[in-house]
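With PDB, C-alpha atoms and all ligand atoms inside, this is entry_19.pdb:
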```pdb
ATOM      1  CA  MET N   1      -9.426 -97.269  67.883
ATOM      2  CA  LYS N   2     -12.038 -94.703  68.096
ATOM      3  CA  ASP N   3      -9.318 -92.279  68.615
ATOM      4  CA  ASP N   4      -7.545 -93.806  65.698
ATOM      5  CA  SER N   5     -10.672 -93.742  63.638
ATOM      6  CA  ASP N   6     -11.290 -90.320  64.888
ATOM      7  CA  LEU N   7      -7.784 -89.549  64.162
ATOM      8  CA  SER N   8      -7.969 -91.171  60.764
ATOM      9  CA  GLY N   9     -11.257 -89.351  60.165
ATOM     10  CA  ALA N  10      -9.670 -86.157  61.275
ATOM     11  CA  LYS N  11      -6.670 -86.908  59.146
ATOM     12  CA  ALA N  12      -8.901 -87.633  56.182
ATOM     13  CA  LYS N  13     -10.729 -84.451  56.874
ATOM     14  CA  ASP N  14      -7.518 -82.647  57.181
ATOM     15  CA  GLU N  15      -6.316 -84.192  53.964
ATOM     16  CA  SER N  16      -9.546 -83.318  52.248
ATOM     17  CA  ILE N  17      -9.208 -79.785  53.562
ATOM     18  CA  LEU N  18      -5.622 -79.786  52.559
ATOM     19  CA  SER N  19      -6.458 -81.193  49.170
ATOM     20  CA  GLY N  20      -9.277 -78.648  48.920
ATOM     21  CA  ALA N  21      -6.838 -75.968  49.897
ATOM     22  CA  LYS N  22      -4.396 -77.398  47.454
ATOM     23  CA  HIS N  23      -7.102 -77.478  44.825
ATOM     24  CA  SER N  24      -8.254 -74.011  45.526
ATOM     25  CA  ARG N  25      -4.622 -72.918  45.571
ATOM     26  CA  ARG N  26      -4.143 -74.670  42.293
ATOM     27  CA  MET N  27      -7.217 -72.944  41.022
ATOM     28  CA  ARG N  28      -5.909 -69.619  42.250
ATOM     29  CA  LEU N  29      -2.571 -70.437  40.711
ATOM     30  CA  ALA N  30      -4.375 -71.487  37.585
ATOM     31  CA  GLY N  31      -6.339 -68.268  37.709
ATOM     32  CA  LYS N  32      -3.146 -66.386  38.261
ATOM     33  CA  SER N  33      -1.527 -68.243  35.415
ATOM     34  CA  ILE N  34      -4.410 -67.214  33.073
ATOM     35  CA  ALA N  35      -4.455 -63.556  34.120
ATOM     36  CA  PRO N  36      -0.923 -62.636  32.845
ATOM     37  CA  THR N  37      -1.639 -64.236  29.495
ATOM     38  CA  ASP N  38      -4.825 -62.028  29.225
ATOM     39  CA  GLU N  39      -2.906 -58.888  30.102
ATOM     40  CA  ARG N  40      -0.292 -59.754  27.525
ATOM     41  CA  ALA N  41      -3.101 -60.058  25.037
ATOM     42  CA  GLU N  42      -4.567 -56.680  26.075
ATOM     43  CA  ASN N  43      -1.292 -54.715  26.264
ATOM     44  CA  PRO N  44      -0.867 -54.076  22.488
ATOM     45  CA  LEU N  45      -4.454 -52.858  22.389
ATOM     46  CA  ILE N  46      -3.844 -50.466  25.264
ATOM     47  CA  ARG N  47      -0.623 -49.310  23.694
ATOM     48  CA  ARG N  48      -2.377 -48.764  20.373
ATOM     49  CA  GLU N  49      -5.156 -46.899  22.117
ATOM     50  CA  TRP N  50      -2.608 -44.626  23.843
ATOM     51  CA  LEU N  51      -0.719 -44.085  20.624
ATOM     52  CA  HIS N  52      -3.985 -43.191  18.938
ATOM     53  CA  ARG N  53      -4.796 -40.684  21.675
ATOM     54  CA  LEU N  54      -1.305 -39.234  21.536
ATOM     55  CA  ALA N  55      -1.529 -38.843  17.748
ATOM     56  CA  ARG N  56      -4.880 -37.128  18.106
ATOM     57  CA  PHE N  57      -3.449 -34.825  20.759
ATOM     58  CA  PHE N  58      -0.574 -33.835  18.475
ATOM     59  CA  GLN N  59      -3.003 -33.369  15.603
ATOM     60  CA  VAL N  60      -5.082 -30.941  17.663
ATOM     61  CA  ALA N  61      -1.961 -29.206  19.022
ATOM     62  CA  GLY N  62      -0.638 -28.848  15.474
ATOM     63  CA  VAL N  63      -3.874 -27.302  14.247
ATOM     64  CA  ILE N  64      -3.870 -24.877  17.197
ATOM     65  CA  ALA N  65      -0.223 -23.941  16.550
ATOM     66  CA  LEU N  66      -0.937 -23.385  12.849
ATOM     67  CA  PHE N  67      -3.971 -21.279  13.676
ATOM     68  CA  ALA N  68      -1.942 -19.236  16.169
ATOM     69  CA  ALA N  69       0.795 -18.695  13.576
ATOM     70  CA  LEU N  70      -1.772 -17.553  11.002
ATOM     71  CA  VAL N  71      -3.375 -15.170  13.484
ATOM     72  CA  SER N  72      -0.011 -13.667  14.384
ATOM     73  CA  VAL N  73       0.822 -13.248  10.683
ATOM     74  CA  VAL N  74      -2.470 -11.449  10.088
ATOM     75  CA  PHE N  75      -1.869  -9.222  13.113
ATOM     76  CA  ALA N  76       1.696  -8.546  12.081
ATOM     77  CA  SER N  77       0.651  -7.445   8.602
ATOM     78  CA  GLN N  78      -2.038  -5.146   9.997
ATOM     79  CA  ARG N  79      -0.204  -3.593  12.900
ATOM     80  CA  PRO N  80       2.179  -0.693  12.323
ATOM     81  CA  ALA N  81       5.882  -1.471  12.418
ATOM     82  CA  GLN N  82       6.365   0.423  15.688
ATOM     83  CA  VAL N  83       3.901  -1.878  17.448
ATOM     84  CA  ILE N  84       5.642  -4.932  16.064
ATOM     85  CA  ALA N  85       8.926  -3.560  17.283
ATOM     86  CA  LEU N  86       7.428  -3.459  20.776
ATOM     87  CA  ALA N  87       5.757  -6.863  20.468
ATOM     88  CA  PRO N  88       7.031  -9.719  22.690
ATOM     89  CA  ALA N  89      10.158 -11.486  21.549
ATOM     90  CA  PRO N  90       8.522 -14.805  20.511
ATOM     91  CA  VAL N  91       6.371 -13.052  17.942
ATOM     92  CA  GLN N  92       9.428 -11.398  16.526
ATOM     93  CA  THR N  93      11.434 -14.604  16.401
ATOM     94  CA  ILE N  94       8.663 -16.590  14.750
ATOM     95  CA  LEU N  95       7.506 -13.998  12.260
ATOM     96  CA  PRO N  96      10.640 -13.570  10.141
ATOM     97  CA  ALA N  97      10.498 -17.256   9.242
ATOM     98  CA  ILE N  98       6.964 -16.792   7.942
ATOM     99  CA  ILE N  99       6.855 -13.262   6.632
ATOM    100  CA  PRO N 100       9.468 -10.492   6.644
ATOM    101  CA  LEU N 101       8.726  -7.795   9.196
ATOM    102  CA  PRO N 102       7.537  -4.643   7.490
ATOM    103  CA  THR N 103      10.387  -2.188   7.578
ATOM    104  CA  LEU N 104       9.848   1.489   8.222
ATOM    105  CA  ILE N 105       9.746   3.237   4.870
ATOM    106  CA  PRO N 106      11.494   6.598   5.314
ATOM    107  CA  THR N 107       9.164   9.410   4.343
ATOM    108  CA  ALA N 108      10.589  10.602   1.065
ATOM    109  CA  THR N 109      11.596  14.215   1.359
ATOM    110  CA  PRO N 110      11.034  15.691  -2.086
ATOM    111  CA  THR N 111      14.363  16.592  -3.592
ATOM    112  CA  PRO N 112      14.211  20.151  -4.896
ATOM    113  CA  LEU N 113      14.481  20.495  -8.655
ATOM    114  CA  PRO N 114      17.658  22.028 -10.030
ATOM    115  CA  PRO N 115      17.372  25.781 -10.643
ATOM    116  CA  LEU N 116      15.671  26.723 -13.901
ATOM    117  CA  ILE N 117      17.272  29.208 -16.241
ATOM    118  CA  GLY N 118      15.440  30.752 -19.175
ATOM    119  CA  LEU N 119      17.461  31.742 -22.229
ATOM    120  CA  LEU N 120      15.618  33.652 -24.930
ATOM    121  CA  ALA N 121      17.288  33.260 -28.332
ATOM    122  CA  GLY N 122      16.635  36.632 -29.920
ATOM    123  CA  HIS N 123      14.512  36.648 -33.096
ATOM    124  CA  SER N 124      14.130  32.860 -33.066
ATOM    125  CA  GLY N 125      10.884  31.142 -33.892
ATOM    126  CA  GLY N 126       9.490  33.800 -36.173
ATOM    127  CA  ALA N 127       9.813  35.557 -39.507
ATOM    128  CA  ASP N 128      11.940  38.360 -38.077
ATOM    129  CA  THR N 129      15.574  37.257 -38.140
ATOM    130  CA  GLY N 130      16.909  40.449 -36.627
ATOM    131  CA  ALA N 131      19.846  42.220 -38.222
ATOM    132  CA  ILE N 132      21.245  40.836 -41.482
ATOM    133  CA  CYS N 133      24.670  42.002 -42.554
ATOM    134  CA  PRO N 134      25.717  42.550 -46.214
ATOM    135  CA  ASP N 135      27.797  39.386 -46.060
ATOM    136  CA  GLY N 136      24.734  37.381 -45.052
ATOM    137  CA  LEU N 137      25.529  37.100 -41.346
ATOM    138  CA  ARG N 138      22.186  36.933 -39.485
ATOM    139  CA  GLU N 139      21.579  37.921 -35.897
ATOM    140  CA  VAL N 140      19.147  35.038 -35.296
ATOM    141  CA  ASP N 141      21.755  32.430 -36.295
ATOM    142  CA  ILE N 142      24.173  33.795 -33.738
ATOM    143  CA  THR N 143      21.684  34.152 -30.877
ATOM    144  CA  THR N 144      20.274  30.652 -31.435
ATOM    145  CA  ASP N 145      23.687  29.015 -31.568
ATOM    146  CA  VAL N 146      25.113  30.859 -28.572
ATOM    147  CA  ALA N 147      21.965  30.154 -26.516
ATOM    148  CA  GLN N 148      22.283  26.433 -27.277
ATOM    149  CA  ARG N 149      25.959  26.392 -26.307
ATOM    150  CA  ALA N 150      25.205  28.226 -23.064
ATOM    151  CA  LYS N 151      22.397  25.790 -22.348
ATOM    152  CA  ASN N 152      24.790  22.852 -22.745
ATOM    153  CA  LEU N 153      27.283  24.428 -20.364
ATOM    154  CA  LEU N 154      24.619  25.219 -17.755
ATOM    155  CA  GLU N 155      23.088  21.758 -17.965
ATOM    156  CA  ALA N 156      26.546  20.300 -17.428
ATOM    157  CA  ARG N 157      26.591  22.312 -14.199
ATOM    158  CA  GLY N 158      23.282  20.791 -13.126
ATOM    159  CA  TYR N 159      20.801  23.462 -14.212
ATOM    160  CA  ARG N 160      17.544  23.012 -16.033
ATOM    161  CA  VAL N 161      17.573  25.296 -19.033
ATOM    162  CA  ASP N 162      14.781  26.448 -21.315
ATOM    163  CA  ILE N 163      15.510  28.039 -24.645
ATOM    164  CA  LEU N 164      12.670  30.338 -25.525
ATOM    165  CA  ALA N 165      11.672  31.783 -28.856
ATOM    166  CA  GLU N 166      11.313  35.529 -29.271
ATOM    167  CA  PHE N 167       7.567  35.320 -28.755
ATOM    168  CA  ASP N 168       7.407  32.123 -26.810
ATOM    169  CA  LYS N 169       4.056  30.783 -25.638
ATOM    170  CA  ARG N 170       5.455  30.471 -22.119
ATOM    171  CA  LEU N 171       5.805  34.238 -21.970
ATOM    172  CA  SER N 172       2.700  36.270 -21.303
ATOM    173  CA  ALA N 173       2.396  39.915 -20.339
ATOM    174  CA  VAL N 174      -0.960  39.054 -18.758
ATOM    175  CA  LYS N 175      -0.203  35.862 -16.850
ATOM    176  CA  ARG N 176       3.456  36.501 -16.121
ATOM    177  CA  ASP N 177       3.726  32.977 -14.766
ATOM    178  CA  TYR N 178       7.052  31.911 -16.253
ATOM    179  CA  SER N 179       9.335  31.842 -13.230
ATOM    180  CA  PRO N 180      12.928  30.860 -13.898
ATOM    181  CA  GLN N 181      15.657  31.471 -11.335
ATOM    182  CA  ALA N 182      17.221  33.784 -13.898
ATOM    183  CA  PHE N 183      16.143  34.935 -17.330
ATOM    184  CA  LEU N 184      18.414  36.275 -20.051
ATOM    185  CA  ALA N 185      17.408  37.423 -23.518
ATOM    186  CA  ILE N 186      20.266  37.130 -26.027
ATOM    187  CA  HIS N 187      20.553  39.517 -28.959
ATOM    188  CA  ALA N 188      23.316  41.008 -31.100
ATOM    189  CA  ASP N 189      23.773  44.572 -32.287
ATOM    190  CA  SER N 190      23.714  46.056 -35.750
ATOM    191  CA  CYS N 191      26.231  45.588 -38.537
ATOM    192  CA  ILE N 192      27.993  48.877 -37.924
ATOM    193  CA  TYR N 193      31.766  49.209 -37.672
ATOM    194  CA  TYR N 194      32.068  52.403 -35.693
ATOM    195  CA  ALA N 195      31.033  50.848 -32.420
ATOM    196  CA  SER N 196      32.213  47.766 -30.538
ATOM    197  CA  GLY N 197      31.336  45.881 -27.399
ATOM    198  CA  TYR N 198      28.513  44.208 -25.499
ATOM    199  CA  LYS N 199      25.653  45.656 -23.450
ATOM    200  CA  VAL N 200      23.538  44.299 -20.600
ATOM    201  CA  ALA N 201      20.420  45.932 -19.163
ATOM    202  CA  ARG N 202      17.433  45.231 -16.976
ATOM    203  CA  ALA N 203      13.866  46.482 -17.294
ATOM    204  CA  ASP N 204      13.256  50.100 -16.318
ATOM    205  CA  ASN N 205      10.140  49.163 -14.425
ATOM    206  CA  SER N 206      11.676  46.196 -12.589
ATOM    207  CA  ALA N 207       9.802  44.990  -9.520
ATOM    208  CA  ILE N 208      13.095  43.673  -8.106
ATOM    209  CA  PRO N 209      15.688  46.277  -9.221
ATOM    210  CA  GLN N 210      18.347  45.138  -6.751
ATOM    211  CA  ASP N 211      18.168  41.526  -7.931
ATOM    212  CA  ASP N 212      18.066  42.601 -11.570
ATOM    213  CA  ASP N 213      21.059  44.937 -11.120
ATOM    214  CA  TRP N 214      22.956  42.114  -9.500
ATOM    215  CA  LEU N 215      22.106  39.802 -12.415
ATOM    216  CA  VAL N 216      23.284  42.490 -14.863
ATOM    217  CA  LYS N 217      26.514  42.804 -12.915
ATOM    218  CA  CYS N 218      27.167  39.039 -12.825
ATOM    219  CA  VAL N 219      26.516  38.565 -16.555
ATOM    220  CA  SER N 220      28.500  41.660 -17.475
ATOM    221  CA  THR N 221      31.570  40.703 -15.450
ATOM    222  CA  ALA N 222      31.723  37.091 -16.627
ATOM    223  CA  TYR N 223      30.900  37.911 -20.255
ATOM    224  CA  ALA N 224      33.568  40.636 -20.524
ATOM    225  CA  ALA N 225      36.176  38.215 -19.211
ATOM    226  CA  ALA N 226      35.193  35.285 -21.435
ATOM    227  CA  ALA N 227      34.325  37.118 -24.661
ATOM    228  CA  GLN N 228      37.215  39.572 -24.378
ATOM    229  CA  LEU N 229      34.907  42.350 -25.527
ATOM    230  CA  PRO N 230      34.543  45.829 -24.026
ATOM    231  CA  LEU N 231      31.363  47.118 -22.425
ATOM    232  CA  HIS N 232      29.793  49.549 -24.863
ATOM    233  CA  GLU N 233      28.658  52.046 -22.306
ATOM    234  CA  GLY N 234      26.189  54.806 -22.930
ATOM    235  CA  SER N 235      24.293  53.129 -25.730
ATOM    236  CA  ILE N 236      21.695  51.201 -23.778
ATOM    237  CA  THR N 237      18.536  51.950 -25.681
ATOM    238  CA  ARG N 238      14.878  52.062 -24.756
ATOM    239  CA  ASP N 239      14.490  48.872 -26.783
ATOM    240  CA  MET N 240      16.543  47.176 -24.132
ATOM    241  CA  THR N 241      15.085  48.722 -20.983
ATOM    242  CA  HIS N 242      11.547  48.203 -22.280
ATOM    243  CA  TYR N 243      12.238  44.836 -23.799
ATOM    244  CA  HIS N 244       8.989  42.874 -24.038
ATOM    245  CA  GLY N 245      10.412  39.643 -22.575
ATOM    246  CA  LEU N 246      11.354  41.344 -19.325
ATOM    247  CA  ASN N 247       7.751  42.369 -18.869
ATOM    248  CA  GLU N 248       6.415  38.905 -19.672
ATOM    249  CA  ILE N 249       8.254  36.804 -17.090
ATOM    250  CA  ASP N 250       7.175  36.513 -13.455
ATOM    251  CA  PRO N 251       7.837  39.965 -11.933
ATOM    252  CA  GLN N 252       9.734  38.167  -9.139
ATOM    253  CA  SER N 253      12.080  36.398 -11.582
ATOM    254  CA  PRO N 254      15.355  38.267 -12.162
ATOM    255  CA  GLY N 255      15.789  39.093 -15.843
ATOM    256  CA  ALA N 256      18.119  40.955 -18.180
ATOM    257  CA  ILE N 257      18.893  41.419 -21.862
ATOM    258  CA  LEU N 258      22.366  40.990 -23.358
ATOM    259  CA  GLU N 259      23.611  42.330 -26.694
ATOM    260  CA  LEU N 260      26.498  39.991 -27.534
ATOM    261  CA  GLY N 261      28.397  42.519 -29.637
ATOM    262  CA  PHE N 262      28.169  44.328 -32.932
ATOM    263  CA  LEU N 263      27.698  42.205 -36.040
ATOM    264  CA  GLY N 264      30.065  44.559 -37.831
ATOM    265  CA  SER N 265      33.081  45.351 -35.719
ATOM    266  CA  ASP N 266      32.741  42.310 -33.396
ATOM    267  CA  LYS N 267      32.122  39.904 -36.270
ATOM    268  CA  ASP N 268      35.153  37.783 -35.490
ATOM    269  CA  ALA N 269      34.004  37.076 -31.929
ATOM    270  CA  LEU N 270      30.391  36.494 -32.986
ATOM    271  CA  LYS N 271      31.345  34.126 -35.783
ATOM    272  CA  HIS N 272      34.353  32.279 -34.414
ATOM    273  CA  ARG N 273      34.358  32.531 -30.635
ATOM    274  CA  ARG N 274      30.877  31.434 -29.769
ATOM    275  CA  ASP N 275      32.041  28.947 -27.157
ATOM    276  CA  ALA N 276      33.707  31.793 -25.296
ATOM    277  CA  LEU N 277      30.565  33.947 -25.546
ATOM    278  CA  ALA N 278      28.467  31.048 -24.271
ATOM    279  CA  LEU N 279      30.896  30.434 -21.445
ATOM    280  CA  GLY N 280      30.621  34.073 -20.358
ATOM    281  CA  ILE N 281      26.821  33.758 -20.261
ATOM    282  CA  ALA N 282      26.883  30.466 -18.375
ATOM    283  CA  GLU N 283      29.417  31.665 -15.822
ATOM    284  CA  GLY N 284      27.538  34.915 -15.232
ATOM    285  CA  LEU N 285      24.203  33.161 -14.667
ATOM    286  CA  ASP N 286      25.800  30.453 -12.557
ATOM    287  CA  ALA N 287      27.515  33.055 -10.369
ATOM    288  CA  PHE N 288      24.245  34.959  -9.951
ATOM    289  CA  VAL N 289      22.177  31.905  -9.005
ATOM    290  CA  ARG N 290      24.870  30.754  -6.591
ATOM    291  CA  GLY N 291      24.902  34.175  -4.967
ATOM    292  CA  GLY N 292      28.394  35.070  -6.089
ATOM    293  CA  ALA N 293      29.882  38.507  -5.503
ATOM    294  CA  CYS N 294      30.384  39.062  -9.265
ATOM    295  CA  GLN N 295      33.146  41.624  -8.725
TER
HETATM  296 ZN    ZN V   1      17.965  41.756 -31.738
END
```
Please express what this file holds, its structure, as structure tokens.
Ligand SMILES: [Zn+2]
Amino acid sequence: MKDDSDLSGAKAKDESILSGAKHSRRMRLAGKSIAPTDERAENPLIRREWLHRLARFFQVAGVIALFAALVSVVFASQRPAQVIALAPAPVQTILPAIIPLPTLIPTATPTPLPPLIGLLAGHSGGADTGAICPDGLREVDITTDVAQRAKNLLEARGYRVDILAEFDKRLSAVKRDYSPQAFLAIHADSCIYYASGYKVARADNSAIPQDDDWLVKCVSTAYAAAAQLPLHEGSITRDMTHYHGLNEIDPQSPGAILELGFLGSDKDALKHRRDALALGIAEGLDAFVRGGACQ
């Protein structure tokens, strides 16, 4: 029985151990069963914490990206276009969305002004009207009108044209700083009927006689053709070759004086064919400035 009691004792012991093991197992199981419910309770907190961190990370990254964009904009606006052209591709691809790349402004080459032509309307702007015929025809009225018509024609061809008075302020024998590409003084001859035709002359003391002779030739050829008037040779007077205007322009500016015709015998042309006279002047000056042969 001892064995039995021993056995029963051992059995009881075993049972108690077993029950203890069972209990502790139950406890462990109970512990295990509590732990998942705790984790479930903590998970949203962890998730929220991570989301918070992630949001903060993106906030910081966003600020850095914005700062970098601003810095690149500042650099782009300060650096010359050539440097930007050589800058790495990302800068180029980002920049246009923010600010247009500065384009190379072509250095403006100054366009040369059209050639300037000076037309002096004989006897204009003063008390002296020049020749006055018995019928009232005045030289100054003809020279002023023909000069204006020639100016219109030359401007239509792209020239700048000044009409100067007989004693214009732009003319100075001292300064001699009026420098047109060509200068022509326009006068008309006396009211006589025994002579006919036009005359062109340059200054006797010309500093550029070849240029002045060429100008005379160009005006003479074109005027004869347009005005249908003969050249009145052999009557070029000292008044013409020592004309004050020719000694008041820049010595390097080609200049000449034209007598349109005689107020007497060439009256018809001077009164009624002024467009043709003006055309002859314009064509002669245009041919000279363009370097025409003027044959
Ligand atoms: Zn005159």
TODO: Have a look at N:Thr109, N:Asn152, N:Thr237, N:Thr129 and name the one nearest to ligand ZN 1 (chain V); count all atoms listed in the file.
DONE: N:Thr129
TODO: Quote the spacing between CA of Glu155 (chain N) and CA of Leu137 (chain N) in Å to one decimal place.
DONE: 28.1 Å
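Selection of all polymer residues within 7 Å of ligand ZN 1 (chain V) on the basis of all atoms listed in the file gives Gly122, His123, Gly130, Ala131, Glu139, His187, Ala188 and Asp189 of chain N.
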TODO: Name the residues captured by the PyMOL selection byres (((chain N and resi 180) around 9) and not hetatm) when it is applied to the shown file; answer as a PyMOL selection string.
DONE: chain N and resi 115-118+161-162+178-179+181-183+249-250+253-255
- [ ] Report as a ChimeraX atom specification the full result of the PyMOL selection byres (((chain N and resi 197) around 8) and not hetatm) when it is applied to this structure.
- [x] /N:195-196,198-199,229-232,260-262,266
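Of note, CA of Asp286 (chain N) and CA of Gln252 (chain N) are spaced 18.1 Å apart.
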Open item on the list: Given the PyMOL selection byres (((chain N and resi 207) around 10) and not hetatm) and the file above, list the residues it selects as a PyMOL selection string.
Closed with: chain N and resi 203-206+208-212+247+250-254
Convert the current residue selection to file output with C-alpha atoms, as a PDB file, keeping the file's coordinate frame.
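So the final result, stored in result-v4.pdb, reads:
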```pdb
ATOM      1  CA  ALA N 203      13.866  46.482 -17.294  1.00  0.00           C
ATOM      2  CA  ASP N 204      13.256  50.100 -16.318  1.00  0.00           C
ATOM      3  CA  ASN N 205      10.140  49.163 -14.425  1.00  0.00           C
ATOM      4  CA  SER N 206      11.676  46.196 -12.589  1.00  0.00           C
ATOM      5  CA  ILE N 208      13.095  43.673  -8.106  1.00  0.00           C
ATOM      6  CA  PRO N 209      15.688  46.277  -9.221  1.00  0.00           C
ATOM      7  CA  GLN N 210      18.347  45.138  -6.751  1.00  0.00           C
ATOM      8  CA  ASP N 211      18.168  41.526  -7.931  1.00  0.00           C
ATOM      9  CA  ASP N 212      18.066  42.601 -11.570  1.00  0.00           C
ATOM     10  CA  ASN N 247       7.751  42.369 -18.869  1.00  0.00           C
ATOM     11  CA  ASP N 250       7.175  36.513 -13.455  1.00  0.00           C
ATOM     12  CA  PRO N 251       7.837  39.965 -11.933  1.00  0.00           C
ATOM     13  CA  GLN N 252       9.734  38.167  -9.139  1.00  0.00           C
ATOM     14  CA  SER N 253      12.080  36.398 -11.582  1.00  0.00           C
ATOM     15  CA  PRO N 254      15.355  38.267 -12.162  1.00  0.00           C
TER      16      PRO N 254
END
```
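The gap separating CA of Ala108 (chain N) from CA of Arg157 (chain N) is 25.0 Å, in Å to one decimal.
In terms of minimum interatomic distance to Gly291 (chain N), N:Lys217 ranks closest within N:Tyr193, N:Lys217, N:Asp128, N:Leu277, counting only C-alpha atoms.
The smallest atom-to-atom distance between His272 (chain N) and any of N:Leu184, N:Leu258, N:Ala227, N:Ala165, using all atoms listed in the file, is found for N:Ala227.
Using all atoms listed in the file, the shortest contact distance between Ala256 (chain N) and any of N:Gly284, N:Gly234, N:Gly292, N:Gly126 is found at N:Gly284.
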Considering all atoms listed in the file, return as a PDB file with C-alpha atoms, keeping the file's coordinate frame whatever protein or nucleic-acid residues lie within 8 Å of Ile186 (chain N), sequence-local ones (same chain, fewer than 3 positions apart) excluded.
```pdb
ATOM      1  CA  LEU N 119      17.461  31.742 -22.229  1.00  0.00           C
ATOM      2  CA  LEU N 120      15.618  33.652 -24.930  1.00  0.00           C
ATOM      3  CA  ALA N 121      17.288  33.260 -28.332  1.00  0.00           C
ATOM      4  CA  GLY N 122      16.635  36.632 -29.920  1.00  0.00           C
ATOM      5  CA  THR N 143      21.684  34.152 -30.877  1.00  0.00           C
ATOM      6  CA  ALA N 147      21.965  30.154 -26.516  1.00  0.00           C
ATOM      7  CA  ILE N 257      18.893  41.419 -21.862  1.00  0.00           C
ATOM      8  CA  LEU N 258      22.366  40.990 -23.358  1.00  0.00           C
ATOM      9  CA  GLU N 259      23.611  42.330 -26.694  1.00  0.00           C
ATOM     10  CA  LEU N 260      26.498  39.991 -27.534  1.00  0.00           C
TER      11      LEU N 260
END
```
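The shortest atom-to-atom distance to Ala127 (chain N), with all atoms listed in the file taken into account, belongs to N:Phe167 out of N:Tyr243, N:Phe167, N:Phe288, N:Trp214.
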